[in-house]
Structure formats: C-alpha cells, structure tokens
file structure.txt (compact mmCIF, C-alpha atoms)
# COMPACT_ATOMS: atom_id res chain seq x y z
CA MET A 820 113.52 95.21 108.45
CA LYS A 821 112.11 95.40 104.93
CA ILE A 822 108.40 94.70 104.87
CA SER A 823 105.69 94.57 102.23
CA VAL A 824 101.97 95.01 102.79
CA ILE A 825 99.68 93.52 100.14
CA GLY A 826 96.38 95.37 100.07
CA CYS A 827 96.23 99.06 100.99
CA GLY A 828 92.66 99.45 102.08
CA TYR A 829 91.82 100.45 105.64
CA LEU A 830 93.82 97.70 107.35
CA GLY A 831 96.77 97.67 104.96
CA ALA A 832 97.29 101.43 104.73
CA VAL A 833 97.24 101.82 108.51
CA HIS A 834 99.55 98.86 109.02
CA ALA A 835 102.04 100.04 106.37
CA ALA A 836 102.21 103.57 107.80
CA CYS A 837 102.59 102.37 111.38
CA MET A 838 105.30 99.85 110.51
CA ALA A 839 107.25 102.63 108.79
CA GLU A 840 106.66 104.92 111.76
CA ILE A 841 108.33 102.46 114.15
CA GLY A 842 111.36 102.17 111.90
CA HIS A 843 110.83 99.49 109.26
CA GLU A 844 111.23 100.02 105.53
CA VAL A 845 107.80 99.35 104.02
CA VAL A 846 106.29 99.09 100.56
CA GLY A 847 102.52 98.95 100.20
CA ILE A 848 101.04 97.15 97.19
CA ASP A 849 97.56 97.54 95.71
CA VAL A 850 96.00 97.11 92.27
CA ASP A 851 94.01 100.36 92.65
CA GLU A 852 96.12 103.06 91.00
CA LEU A 853 94.11 105.96 92.43
CA LYS A 854 94.37 104.58 95.96
CA ILE A 855 98.14 104.20 95.62
CA GLU A 856 98.46 107.73 94.25
CA LEU A 857 96.47 109.20 97.14
CA LEU A 858 98.41 107.28 99.78
CA ALA A 859 101.72 108.34 98.25
CA GLU A 860 100.54 111.94 98.58
CA GLY A 861 99.62 111.40 102.24
CA ARG A 862 95.88 111.44 101.53
CA PRO A 863 94.17 108.22 102.64
CA PRO A 864 90.95 107.47 100.71
CA PHE A 865 89.09 107.10 104.03
CA TYR A 866 88.91 108.98 107.32
CA GLU A 867 91.10 107.80 110.17
CA PRO A 868 92.38 110.26 112.80
CA GLY A 869 96.17 110.66 112.75
CA LEU A 870 96.77 108.65 109.58
CA PRO A 871 97.38 111.52 107.10
CA GLU A 872 100.11 112.92 109.34
CA LEU A 873 101.66 109.48 109.73
CA LEU A 874 101.67 108.88 105.98
CA THR A 875 103.31 112.23 105.36
CA THR A 876 106.08 111.82 107.91
CA ALA A 877 106.77 108.17 107.03
CA SER A 878 106.96 108.95 103.30
CA ALA A 879 109.24 111.94 103.94
CA SER A 880 111.56 109.70 105.96
CA GLY A 881 112.04 107.45 102.94
CA ARG A 882 110.81 104.41 104.87
CA LEU A 883 107.37 104.21 103.22
CA SER A 884 106.48 103.83 99.56
CA PHE A 885 103.52 102.54 97.57
CA SER A 886 103.27 100.74 94.24
CA THR A 887 100.92 98.83 91.98
CA ASP A 888 103.81 96.60 90.87
CA VAL A 889 104.04 93.53 93.06
CA SER A 890 107.66 92.99 92.04
CA ALA A 891 108.48 95.88 94.39
CA VAL A 892 108.23 93.35 97.24
CA ALA A 893 111.31 91.44 96.04
CA SER A 894 113.70 92.89 98.63
CA ALA A 895 111.29 92.47 101.56
CA ARG A 896 111.58 89.58 103.98
CA VAL A 897 108.20 89.79 105.69
CA HIS A 898 105.03 90.14 103.59
CA PHE A 899 101.73 91.06 105.23
CA ILE A 900 98.42 90.06 103.60
CA ALA A 901 95.88 92.78 104.43
CA VAL A 902 93.20 92.42 101.76
CA GLY A 903 89.45 92.39 102.30
CA THR A 904 87.29 89.34 102.89
CA PRO A 905 83.79 90.64 102.08
CA GLN A 906 80.60 88.66 102.41
CA LEU A 907 79.85 86.57 99.35
CA GLU A 908 76.84 87.79 97.42
CA GLY A 909 73.87 85.56 98.18
CA SER A 910 75.65 83.79 101.03
CA ASN A 911 76.84 84.33 104.61
CA ALA A 912 80.28 82.95 103.74
CA ALA A 913 83.41 85.06 103.34
CA ASP A 914 84.81 85.74 99.88
CA LEU A 915 88.49 84.67 99.93
CA THR A 916 89.19 85.65 96.33
CA TYR A 917 91.43 88.55 97.31
CA VAL A 918 93.37 86.53 99.88
CA HIS A 919 94.21 83.77 97.43
CA ALA A 920 95.05 86.29 94.69
CA ALA A 921 97.40 88.15 97.05
CA VAL A 922 99.27 84.98 97.97
CA GLU A 923 99.51 83.86 94.33
CA SER A 924 100.93 87.25 93.35
CA LEU A 925 103.61 86.90 96.02
CA LEU A 926 104.75 83.38 95.18
CA PRO A 927 107.13 84.28 92.29
CA HIS A 928 108.90 86.78 94.55
CA LEU A 929 109.33 84.71 97.71
CA LYS A 930 112.83 83.64 98.76
CA PRO A 931 113.91 80.97 101.24
CA GLY A 932 113.55 82.46 104.70
CA ASP A 933 110.75 84.85 103.70
CA LEU A 934 107.63 84.98 105.83
CA VAL A 935 104.08 85.63 104.64
CA VAL A 936 101.91 86.98 107.45
CA GLY A 937 98.14 86.88 107.17
CA LYS A 938 96.24 89.72 108.86
CA SER A 939 92.95 89.44 106.97
CA THR A 940 89.98 87.96 108.83
CA VAL A 941 89.43 84.51 107.35
CA PRO A 942 87.41 81.36 108.12
CA VAL A 943 89.22 78.84 110.29
CA GLY A 944 91.16 76.40 108.12
CA THR A 945 92.23 78.98 105.54
CA ALA A 946 95.78 79.38 106.85
CA ALA A 947 96.55 75.67 106.69
CA GLY A 948 95.68 75.58 103.00
CA LEU A 949 97.73 78.68 102.25
CA TYR A 950 100.69 77.29 104.18
CA ALA A 951 100.68 74.14 102.06
CA ARG A 952 100.50 76.23 98.88
CA ILE A 953 103.42 78.43 99.91
CA ARG A 954 105.60 75.49 100.95
CA GLU A 955 104.88 73.80 97.63
CA ALA A 956 105.48 76.80 95.36
CA ALA A 957 108.18 78.63 97.32
CA PRO A 958 110.30 76.11 99.27
CA GLY A 959 111.94 77.66 102.29
CA ALA A 960 109.29 80.36 102.72
CA SER A 961 106.70 80.11 105.49
CA LEU A 962 103.42 81.50 106.79
CA ALA A 963 102.16 82.94 110.06
CA TRP A 964 98.70 84.17 110.97
CA ASN A 965 98.63 87.43 112.90
CA PRO A 966 95.04 88.71 113.21
CA GLU A 967 94.32 92.42 113.50
CA PHE A 968 92.26 94.00 116.27
CA LEU A 969 91.84 97.55 114.97
CA ARG A 970 89.08 99.85 116.11
CA GLU A 971 88.09 102.42 113.52
CA GLY A 972 88.96 105.82 114.95
CA PHE A 973 91.79 104.34 117.03
CA ALA A 974 93.58 102.26 114.41
CA VAL A 975 96.95 104.02 114.61
CA LYS A 976 97.14 103.58 118.37
CA ASP A 977 95.93 99.98 118.14
CA THR A 978 98.67 99.14 115.63
CA ILE A 979 101.59 100.85 117.36
CA THR A 980 100.57 99.87 120.92
CA PRO A 981 98.36 96.77 120.49
CA ASP A 982 96.58 95.31 123.51
CA ARG A 983 97.83 91.87 122.42
CA LEU A 984 99.76 90.17 119.63
CA VAL A 985 98.64 86.77 118.39
CA TYR A 986 101.00 84.59 116.35
CA GLY A 987 99.52 81.55 114.62
CA LEU A 988 102.49 79.39 113.61
CA ALA A 989 103.22 76.07 111.97
CA PRO A 990 104.54 73.48 114.45
CA GLY A 991 108.16 74.17 115.39
CA ASP A 992 108.46 77.30 113.24
CA ASP A 993 110.80 79.24 115.53
CA THR A 994 112.09 81.35 112.64
CA ALA A 995 108.64 82.81 111.98
CA GLU A 996 108.26 83.69 115.65
CA SER A 997 111.66 85.39 115.69
CA LEU A 998 110.84 87.43 112.60
CA LEU A 999 107.53 88.57 114.06
CA ASP A 1000 109.28 89.46 117.31
CA GLU A 1001 111.61 91.67 115.30
CA VAL A 1002 108.70 93.31 113.46
CA TYR A 1003 106.86 94.00 116.72
CA GLY A 1004 109.92 94.64 118.87
CA ALA A 1005 108.76 98.09 119.99
CA ALA A 1006 105.31 96.87 121.04
CA LEU A 1007 106.75 93.87 122.89
CA ALA A 1008 109.25 96.11 124.67
CA ASN A 1009 106.36 98.33 125.77
CA GLY A 1010 104.59 95.36 127.35
CA SER A 1011 102.08 94.22 124.73
CA PRO A 1012 101.33 90.58 125.61
CA LYS A 1013 102.10 87.90 123.03
CA VAL A 1014 100.08 84.72 122.48
CA VAL A 1015 101.72 82.03 120.34
CA THR A 1016 99.41 79.35 119.02
CA ASP A 1017 98.52 77.27 115.97
CA PHE A 1018 96.89 78.49 112.77
CA ALA A 1019 93.34 77.46 113.65
CA THR A 1020 93.35 79.13 117.06
CA ALA A 1021 94.78 82.36 115.65
CA GLU A 1022 92.05 82.43 113.00
CA LEU A 1023 89.38 81.80 115.65
CA VAL A 1024 90.66 84.56 117.94
CA LYS A 1025 89.50 87.36 115.68
CA VAL A 1026 86.08 85.97 114.74
CA SER A 1027 85.30 84.79 118.26
CA ALA A 1028 86.23 88.21 119.67
CA ASN A 1029 83.89 89.88 117.18
CA ALA A 1030 81.17 87.34 117.95
CA PHE A 1031 81.47 88.06 121.67
CA LEU A 1032 81.30 91.84 121.20
CA ALA A 1033 78.31 91.50 118.87
CA THR A 1034 76.59 89.26 121.42
CA LYS A 1035 77.17 91.76 124.23
CA ILE A 1036 75.76 94.61 122.15
CA SER A 1037 72.72 92.58 121.11
CA PHE A 1038 72.19 91.40 124.69
CA ILE A 1039 71.71 94.93 126.00
CA ASN A 1040 69.54 95.75 123.00
CA ALA A 1041 67.37 92.73 123.82
CA MET A 1042 67.09 94.16 127.34
CA ALA A 1043 66.05 97.45 125.72
CA GLU A 1044 63.13 95.65 124.10
CA VAL A 1045 62.09 94.29 127.50
CA ALA A 1046 62.61 97.71 129.10
CA GLU A 1047 60.31 99.37 126.59
CA ALA A 1048 57.60 96.80 127.33
CA THR A 1049 57.87 97.33 131.08
CA GLY A 1050 58.68 101.03 131.47
CA ALA A 1051 62.19 100.33 132.71
CA ASP A 1052 65.28 102.35 131.77
CA VAL A 1053 67.88 100.28 129.90
CA THR A 1054 70.66 102.82 130.51
CA ALA A 1055 70.23 102.63 134.29
CA LEU A 1056 70.02 98.86 133.93
CA ALA A 1057 73.34 98.79 132.03
CA ASP A 1058 74.95 101.00 134.67
CA ALA A 1059 73.82 98.66 137.42
CA ILE A 1060 74.90 95.37 135.85
CA GLY A 1061 78.06 96.96 134.46
CA HIS A 1062 79.42 97.35 137.99
CA ASP A 1063 79.75 93.58 138.10
CA ALA A 1064 83.40 92.96 137.19
CA ARG A 1065 82.39 89.75 135.43
CA ILE A 1066 80.19 91.75 133.04
CA GLY A 1067 81.72 95.22 132.75
CA ARG A 1068 80.10 98.38 131.39
CA ARG A 1069 81.83 98.59 128.01
CA PHE A 1070 79.74 97.63 124.96
CA LEU A 1071 76.58 97.76 127.09
CA ASN A 1072 75.22 100.87 125.41
CA ALA A 1073 71.75 100.12 124.10
CA GLY A 1074 70.83 101.82 120.89
CA LEU A 1075 70.74 101.42 117.15
CA GLY A 1076 73.16 98.48 117.13
CA PHE A 1077 76.36 97.61 115.35
CA GLY A 1078 77.35 97.86 111.71
CA GLY A 1079 80.44 98.54 109.63
CA GLY A 1080 82.60 96.31 107.52
CA CYS A 1081 83.60 93.82 110.22
CA LEU A 1082 81.13 92.69 112.88
CA PRO A 1083 78.08 91.94 110.69
CA LYS A 1084 79.90 90.06 107.93
CA ASP A 1085 82.31 88.35 110.34
CA ILE A 1086 79.62 86.79 112.52
CA ARG A 1087 77.76 85.64 109.41
CA ALA A 1088 80.91 84.10 107.94
CA PHE A 1089 81.57 82.45 111.31
CA MET A 1090 78.13 80.82 111.20
CA ALA A 1091 78.68 79.72 107.61
CA ARG A 1092 82.01 78.12 108.47
CA ALA A 1093 80.53 76.37 111.51
CA GLU A 1094 77.89 74.87 109.25
CA GLU A 1095 80.59 73.60 106.88
CA LEU A 1096 82.36 72.01 109.84
CA GLY A 1097 79.15 70.34 111.07
CA VAL A 1098 79.01 72.37 114.29
CA ASP A 1099 76.40 74.93 113.24
CA GLN A 1100 74.39 74.35 116.44
CA ALA A 1101 77.32 75.75 118.44
CA LEU A 1102 76.82 79.14 116.82
CA SER A 1103 73.06 79.13 116.30
CA PHE A 1104 72.76 81.87 118.95
CA LEU A 1105 74.50 84.26 116.53
CA GLN A 1106 71.44 84.13 114.30
CA GLU A 1107 69.46 85.79 117.09
CA VAL A 1108 72.33 88.22 117.76
CA ASP A 1109 72.08 89.31 114.12
CA ALA A 1110 68.28 89.44 114.23
CA ILE A 1111 68.22 91.58 117.40
CA ASN A 1112 70.68 93.96 115.81
CA LEU A 1113 68.56 94.39 112.69
CA ARG A 1114 65.37 94.85 114.75
CA ARG A 1115 66.87 97.98 116.32
CA ARG A 1116 66.71 99.67 112.93
CA GLU A 1117 63.04 98.80 112.56
CA ARG A 1118 62.33 100.10 116.06
CA MET A 1119 64.09 103.37 115.28
CA VAL A 1120 61.83 103.87 112.28
CA ASP A 1121 58.81 103.10 114.48
CA LEU A 1122 59.90 105.74 117.03
CA ALA A 1123 60.31 108.29 114.25
CA LYS A 1124 56.75 107.55 113.16
CA GLU A 1125 55.49 107.92 116.72
CA VAL A 1126 57.03 111.35 117.35
CA VAL A 1127 55.58 112.80 114.14
CA GLY A 1128 52.09 111.47 114.77
CA GLY A 1129 52.14 108.05 113.14
CA ASP A 1130 52.94 108.79 109.50
CA VAL A 1131 56.27 110.14 108.21
CA ARG A 1132 54.99 110.96 104.72
CA GLY A 1133 55.73 114.60 103.96
CA LYS A 1134 57.42 115.14 107.33
CA ARG A 1135 60.84 116.75 107.39
CA ILE A 1136 63.21 114.59 109.41
CA ALA A 1137 66.77 115.57 110.27
CA VAL A 1138 69.23 112.70 110.57
CA LEU A 1139 72.37 113.40 112.59
CA GLY A 1140 75.00 110.86 111.63
CA LEU A 1141 75.48 108.48 108.72
CA ALA A 1142 78.70 106.63 109.62
CA PHE A 1143 78.26 103.34 111.46
CA LYS A 1144 80.24 104.80 114.39
CA PRO A 1145 81.87 108.13 115.30
CA ASP A 1146 85.43 108.98 114.20
CA SER A 1147 84.90 107.13 110.93
CA ASP A 1148 83.52 107.79 107.46
CA ASP A 1149 82.56 104.12 107.00
CA VAL A 1150 78.95 103.60 105.94
CA ARG A 1151 79.19 99.89 105.14
CA ASP A 1152 76.15 98.21 106.73
CA SER A 1153 75.61 101.43 108.68
CA PRO A 1154 72.47 101.37 110.85
CA ALA A 1155 72.28 105.17 110.56
CA LEU A 1156 72.31 105.22 106.76
CA ASP A 1157 69.86 102.29 106.70
CA VAL A 1158 67.35 104.15 108.88
CA ALA A 1159 67.68 107.32 106.78
CA LEU A 1160 66.96 105.35 103.61
CA ARG A 1161 64.03 103.46 105.14
CA LEU A 1162 62.40 106.74 106.16
CA THR A 1163 62.97 108.15 102.68
CA GLU A 1164 61.27 105.11 101.17
CA LEU A 1165 58.28 105.72 103.49
CA GLY A 1166 57.89 109.22 102.06
CA ALA A 1167 59.72 111.31 104.65
CA ASP A 1168 61.66 114.40 103.60
CA VAL A 1169 64.98 113.31 105.09
CA VAL A 1170 67.97 115.66 105.36
CA ALA A 1171 71.08 113.99 106.74
CA THR A 1172 74.40 115.26 107.99
CA ASP A 1173 77.66 113.77 109.24
CA PRO A 1174 81.07 115.34 110.03
CA GLN A 1175 82.98 112.88 107.81
CA ALA A 1176 80.67 110.43 106.03
CA LEU A 1177 78.72 112.64 103.61
CA ASN A 1178 80.90 111.76 100.62
CA THR A 1179 80.95 108.01 101.34
CA ALA A 1180 77.18 108.03 101.86
CA LEU A 1181 76.57 109.95 98.64
CA ARG A 1182 78.72 107.52 96.68
CA ARG A 1183 76.30 104.79 97.75
CA LYS A 1184 73.10 106.87 97.60
CA PRO A 1185 73.64 109.91 95.32
CA ASP A 1186 70.05 111.15 95.73
CA LEU A 1187 70.26 111.42 99.53
CA ALA A 1188 69.56 114.97 100.70
CA VAL A 1189 72.40 116.19 102.91
CA ALA A 1190 73.44 119.25 104.90
CA LEU A 1191 76.83 120.31 106.22
CA THR A 1192 75.81 120.97 109.83
CA ALA A 1193 73.30 119.77 112.38
CA SER A 1194 71.59 123.15 112.39
CA GLN A 1195 71.19 123.14 108.62
CA ALA A 1196 69.82 119.60 108.65
CA ALA A 1197 67.36 120.45 111.44
CA GLU A 1198 65.99 123.65 109.91
CA GLY A 1199 62.21 123.35 109.81
CA ALA A 1200 62.33 119.71 110.95
CA ASP A 1201 59.36 117.87 112.40
CA ALA A 1202 61.74 115.50 114.18
CA VAL A 1203 65.48 115.08 114.75
CA LEU A 1204 67.08 111.63 114.89
CA LEU A 1205 70.53 111.23 116.44
CA LEU A 1206 71.93 108.08 114.83
CA THR A 1207 75.72 108.33 115.19
CA GLU A 1208 77.15 109.53 118.50
CA TRP A 1209 79.68 112.05 117.22
CA ARG A 1210 80.97 114.30 119.99
CA GLU A 1211 79.59 117.42 118.34
CA TYR A 1212 76.10 115.87 118.42
CA ARG A 1213 76.45 114.76 122.03
CA GLU A 1214 77.36 118.35 122.93
CA LEU A 1215 74.58 120.08 120.98
CA ASP A 1216 72.81 122.97 122.73
CA PRO A 1217 69.17 121.89 122.90
CA ALA A 1218 67.93 125.48 123.19
CA ALA A 1219 69.85 126.60 120.12
CA LEU A 1220 68.66 123.62 118.07
CA ALA A 1221 65.07 124.23 119.19
CA SER A 1222 65.24 127.65 117.55
CA VAL A 1223 65.61 126.18 114.05
CA VAL A 1224 63.25 123.17 114.07
CA ARG A 1225 59.52 123.31 113.37
CA VAL A 1226 58.71 120.79 116.11
CA PRO A 1227 61.15 120.16 119.03
CA ALA A 1228 61.05 116.36 118.95
CA ILE A 1229 64.20 114.23 119.11
CA VAL A 1230 64.82 110.49 119.04
CA ASP A 1231 68.15 109.58 120.61
CA GLY A 1232 69.24 106.45 118.75
CA ARG A 1233 72.43 106.08 120.77
CA ASN A 1234 71.29 106.99 124.29
CA CYS A 1235 74.03 109.59 124.43
CA LEU A 1236 72.03 112.71 125.35
CA ASP A 1237 70.80 113.91 128.76
CA PRO A 1238 67.01 113.45 128.71
CA VAL A 1239 66.47 115.94 131.54
CA GLN A 1240 68.46 118.67 129.80
CA TRP A 1241 66.59 118.22 126.53
CA ARG A 1242 63.16 118.00 128.11
CA ASP A 1243 63.86 121.10 130.22
CA ALA A 1244 64.66 122.90 126.97
CA GLY A 1245 61.20 122.03 125.68
CA TRP A 1246 61.98 118.96 123.62
CA HIS A 1247 59.87 115.84 123.32
CA TYR A 1248 62.65 113.29 123.96
CA ARG A 1249 62.48 109.61 123.06
CA ALA A 1250 65.17 106.96 123.09
CA LEU A 1251 65.53 103.25 122.49
CA GLY A 1252 64.91 101.32 125.71
CA ARG A 1253 63.99 104.30 127.89
CA PRO A 1254 60.64 105.52 129.19
call {"tool": "encode", "arguments": {"input": "structure.txt", "output": "structure tokens"}}
result
Amino acid sequence: MKISVIGCGYLGAVHAACMAEIGHEVVGIDVDELKIELLAEGRPPFYEPGLPELLTTASASGRLSFSTDVSAVASARVHFIAVGTPQLEGSNAADLTYVHAAVESLLPHLKPGDLVVGKSTVPVGTAAGLYARIREAAPGASLAWNPEFLREGFAVKDTITPDRLVYGLAPGDDTAESLLDEVYGAALANGSPKVVTDFATAELVKVSANAFLATKISFINAMAEVAEATGADVTALADAIGHDARIGRRFLNAGLGFGGGCLPKDIRAFMARAEELGVDQALSFLQEVDAINLRRRERMVDLAKEVVGGDVRGKRIAVLGLAFKPDSDDVRDSPALDVALRLTELGADVVATDPQALNTALRRKPDLAVALTASQAAEGADAVLLLTEWREYRELDPAALASVVRVPAIVDGRNCLDPVQWRDAGWHYRALGRP
C-alpha cells in the first residue's frame, strides 16, 4: 500500500520507517528541510535505538522517501497525521495549529476512497470536527483516529508489534476499517489485539492511559513523602504492594517523577478539555498528580543541600543524567535537567553528563557545564546526583567513582542503586523515600 506520513518528528519518523519496513511504500512529509535531509540520509535528528538502521534499510529498498513538498502524497491512499500538539503558551490546553494545518495541506490532494488517519494526541472532539471538514472539502475521503502508544527507547518495537491497535471510526465506515487492517496486517497476524470504536473513545484512550500512568507514578511518589516522614522504605513498600495482581509492580518506582513531551502536557490538556466540557471535577485529581510530580524536583534539590551541609553555593555537584528517561535524548520537561538548573541558580558548580542528551540539553541551556563521562563529571565533586537511570549509571563501580570525588556522597534520584553496596564502599547514600 502507498502511505504518506505528515509530520516527521519523533512519532512520524518512526512510523514512516516502520511502515516501510513491513512492506508499504511510504513518503514522509515535513516543512523542516534540515529534518527531511537528515532522515533521507538515515540520520534521525533525535536518539531512538534501532531507528537509524531502519531508515537506512528502508530507504535502500526504495520503499521510503522524504519530501518537503506535500504534493508527493498524491499517489498515496492512506495519510497519517503525526504532527505535534504542544501545550499552548500560557494555558494548559493543547495547541492544535499543526494538526489543522496538516489536514488543510492534504485536502487538495485527497481522492475519493482516501483515508486520513490521525495519530497525534488531541483533545476529545477534535476528530469529529476534522471529519466534517474532510467530508466537506474532499467528498469520498474519510477519517479514522488511530492513537499511538510509543515508549521512547522502544518505539520501533511498539510500532511493528504494538500491544494493541485502536481504530476510531465514523459510524458504518467499513472501508476505513478494511484499509487500516491492510496497513496493520502483519501486526494483526501476529496477534496484536484490535479495538474498534468511535472517534471520541479513540481520542480518550491515549489521554486516559497517560493520565493513569501519571497517577500511578505520582501515587508511589506520594507514598515516598510519607515514607520519609516515618522512616519507612518506599522501595520495599512498592515491592510488597506490587505483588497484588490488581496493582502490579510496573510504574511503582518512586523517584524524581515523570517528564518528557507527552505525560506532563497531555494530562494538563486533558484537564483543560474537561473544563471546557463542564466536567472538570472529574479530573481534579490530576492537579494533585501534577503537583506531586513537581514536588519531587524540589525534594531532590533539598536532598542535595542536605548532603553538602545545607548550602550548595560553591559546591561542586555532579549530575548523572539529563534526559527525562534512559534510552532517549529528550529533555523536554525533564526533571533531571530542571534539578541541574535549579542547583545552578542556587550557586552550585554543576557539571552534568548524559550518554545521549548533552547536545539537546545544550541547545536549551548553552551555558550548562557538561562532561562526557560520569567519572569526568564527578571529579572533585562534593556530591553526585543520579537523575536518569541509564544502565551505565546503574552499573557504576562505587569504589572507582569514590576515587575521583572530593566527598563520597550520592543522592539516588531514581532508587536504582544498591544502598548496601554503595555504603559498604564508603559512600553517604541518600534516596527519595528511603531511610
């Protein structure tokens, strides 16, 4: 099948490459000439394991191309919308400018029988309006909403072998369902479950899933606050309640909290949309979820102050990790970068490192002092803060690191180190939610 993907950021680039990998002929469209040039050369402008290789092989096969000219979509039958929906400045609401612009750019090129497929995360009610616009301007074309569920670091796997496929369809639109079945034939054949529903439900699936995950993370971080006040150990607590099959252990890791380009802005946009619909009380709990998450950053700064004697001014602090999560170079709303900057503002001599996110962090904060390795960042440090749980940081040798610091004090912001091992090596070990 011939497919177009409008928007070649993180979501769109991954989706285009994976669709070509499973056999479709794909053209990716974006207005950013540099981005298109990099993707065509097999060099994504962001870090995602496995994607460069996929871009290279798919382009070499002739099934994948990229262009800034939207007319290149003319021969495609299915058109995916994969543009960003950032948070509006000065508001919690989502900015749908790029979604509407993408659809408008497609309209002159749509033919009867074509299908526009929304993958962007949008407020509930958006798809219905876009469907009416498409039916009016391009008779015979249709719309489906097919939310994405990508995890940064696992996006290729999540696209090729998704844990579920959700189709939001107009009533009685069997043609749209058939086309999507053809697009996702390989995944369906491999057993990925399919849920067919209406537009509104499909839109709600993505934001409600993110709201649930954010709530689970903030719940265990709220328990961390209680644990610190009582001397309890939040990690042992999470292990104990995680054995309950109704709760589960995943996403019960207390620490610095969530960030990135999805969860924070999506739960805020969800609250904003609920207010517009007059059901804001239904989601009022998300305000506390957001507040708990932001408090973790403040608490991390407080722990850094404690381990250096109460005042960080003039203290050298090594920050291990700047990305919002491991296996990513994304620093959007990153708790790690936020903590590093807060400490800098308080007068600390911060030196940060990250395996992949140094360039993205420096584009946002050019004056941030950085080092290439953990050892370089920790040289002469009065404290070490582990803020992103990269594998290489989880596997650090505490004895070797102790040989380069000035004071062996570490604050484990992700509860991913063995306290006994580090204390036996002479370190003063602190962590969020642990004695």
call {"tool": "closest_atom_pairs", "arguments": {"input": "structure.txt", "of": "stretch 1041-1085 of chain A", "to": "stretch 903-910 of chain A", "cutoff": "12 Å", "atoms": "only C-alpha atoms", "output": "JSON lines"}}
result
{"residue": "A:Gly1079", "atom": "CA", "partner": "A:Pro905", "partner_atom": "CA", "distance": 11.4}
{"residue": "A:Gly1080", "atom": "CA", "partner": "A:Pro905", "partner_atom": "CA", "distance": 7.9}
{"residue": "A:Cys1081", "atom": "CA", "partner": "A:Pro905", "partner_atom": "CA", "distance": 8.7}
{"residue": "A:Leu1082", "atom": "CA", "partner": "A:Gln906", "partner_atom": "CA", "distance": 11.2}
{"residue": "A:Pro1083", "atom": "CA", "partner": "A:Gln906", "partner_atom": "CA", "distance": 9.3}
{"residue": "A:Lys1084", "atom": "CA", "partner": "A:Gln906", "partner_atom": "CA", "distance": 5.7}
{"residue": "A:Asp1085", "atom": "CA", "partner": "A:Gln906", "partner_atom": "CA", "distance": 8.1}
call {"tool": "closest_residue", "arguments": {"input": "structure.txt", "among": "A:Leu1139, A:Val1226, A:Ala913, A:Met820", "to": "A:Thr1192", "atoms": "all atoms listed in the file"}}
result
A:Leu1139
call {"tool": "closest_atom_pairs", "arguments": {"input": "structure.txt", "of": "stretch 859-939 of chain A", "to": "stretch 824-834 of chain A", "cutoff": "9 Å", "atoms": "all atoms listed in the file", "output": "CSV"}}
result
residue,atom,partner,partner_atom,distance
A:Pro863,CA,A:Ala832,CA,7.8
A:Pro864,CA,A:Gly828,CA,8.3
A:Phe865,CA,A:Tyr829,CA,7.4
A:Glu867,CA,A:Tyr829,CA,8.7
A:Leu870,CA,A:Val833,CA,6.9
A:Leu873,CA,A:Val833,CA,8.9
A:Leu874,CA,A:Val833,CA,8.7
A:Phe885,CA,A:Cys827,CA,8.8
A:Val889,CA,A:Ile825,CA,8.3
A:Val892,CA,A:Val824,CA,8.5
A:Val897,CA,A:Val824,CA,8.6
A:His898,CA,A:Val824,CA,5.8
A:Phe899,CA,A:Val824,CA,4.6
A:Ile900,CA,A:Ile825,CA,5.1
A:Ala901,CA,A:Gly831,CA,5.0
A:Val902,CA,A:Gly826,CA,4.7
A:Gly903,CA,A:Gly828,CA,7.8
A:Tyr917,CA,A:Gly826,CA,8.9
A:Ala921,CA,A:Ile825,CA,6.6
A:Val922,CA,A:Ile825,CA,8.8
A:Leu925,CA,A:Ile825,CA,8.7
A:Lys938,CA,A:Leu830,CA,8.5
A:Ser939,CA,A:Leu830,CA,8.3
call {"tool": "closest_residue", "arguments": {"input": "structure.txt", "among": "A:Arg952, A:Arg1087, A:Arg1065, A:Arg862", "to": "A:Ala912", "atoms": "all atoms listed in the file"}}
result
A:Arg1087
call {"tool": "atom_distance", "arguments": {"input": "structure.txt", "atom1": "atom CA of A:Val1150", "atom2": "atom CA of A:Arg970"}}
result
14.8 Å
call {"tool": "residues_near_point", "arguments": {"input": "structure.txt", "point": "(93.8, 94.8, 121.4)", "cutoff": "10 Å", "atoms": "all atoms listed in the file", "output": "list in words"}}
result
Glu967, Phe968, Leu969, Arg970, Lys976, Asp977, Thr978, Thr980, Pro981, Asp982, Arg983, Leu984, Val985, Ser1011 and Pro1012 of chain A
call {"tool": "atom_distance", "arguments": {"input": "structure.txt", "atom1": "atom CA of A:Ile1136", "atom2": "atom CA of A:Val1170"}}
result
6.3 Å
call {"tool": "closest_residue", "arguments": {"input": "structure.txt", "among": "A:Val1224, A:Ile855, A:Ile1036, A:Val943", "to": "A:Leu1096", "atoms": "all atoms listed in the file"}}
result
A:Val943
call {"tool": "atom_distance", "arguments": {"input": "structure.txt", "atom1": "atom CA of A:Leu1206", "atom2": "atom CA of A:Ile1060"}}
result
24.7 Å
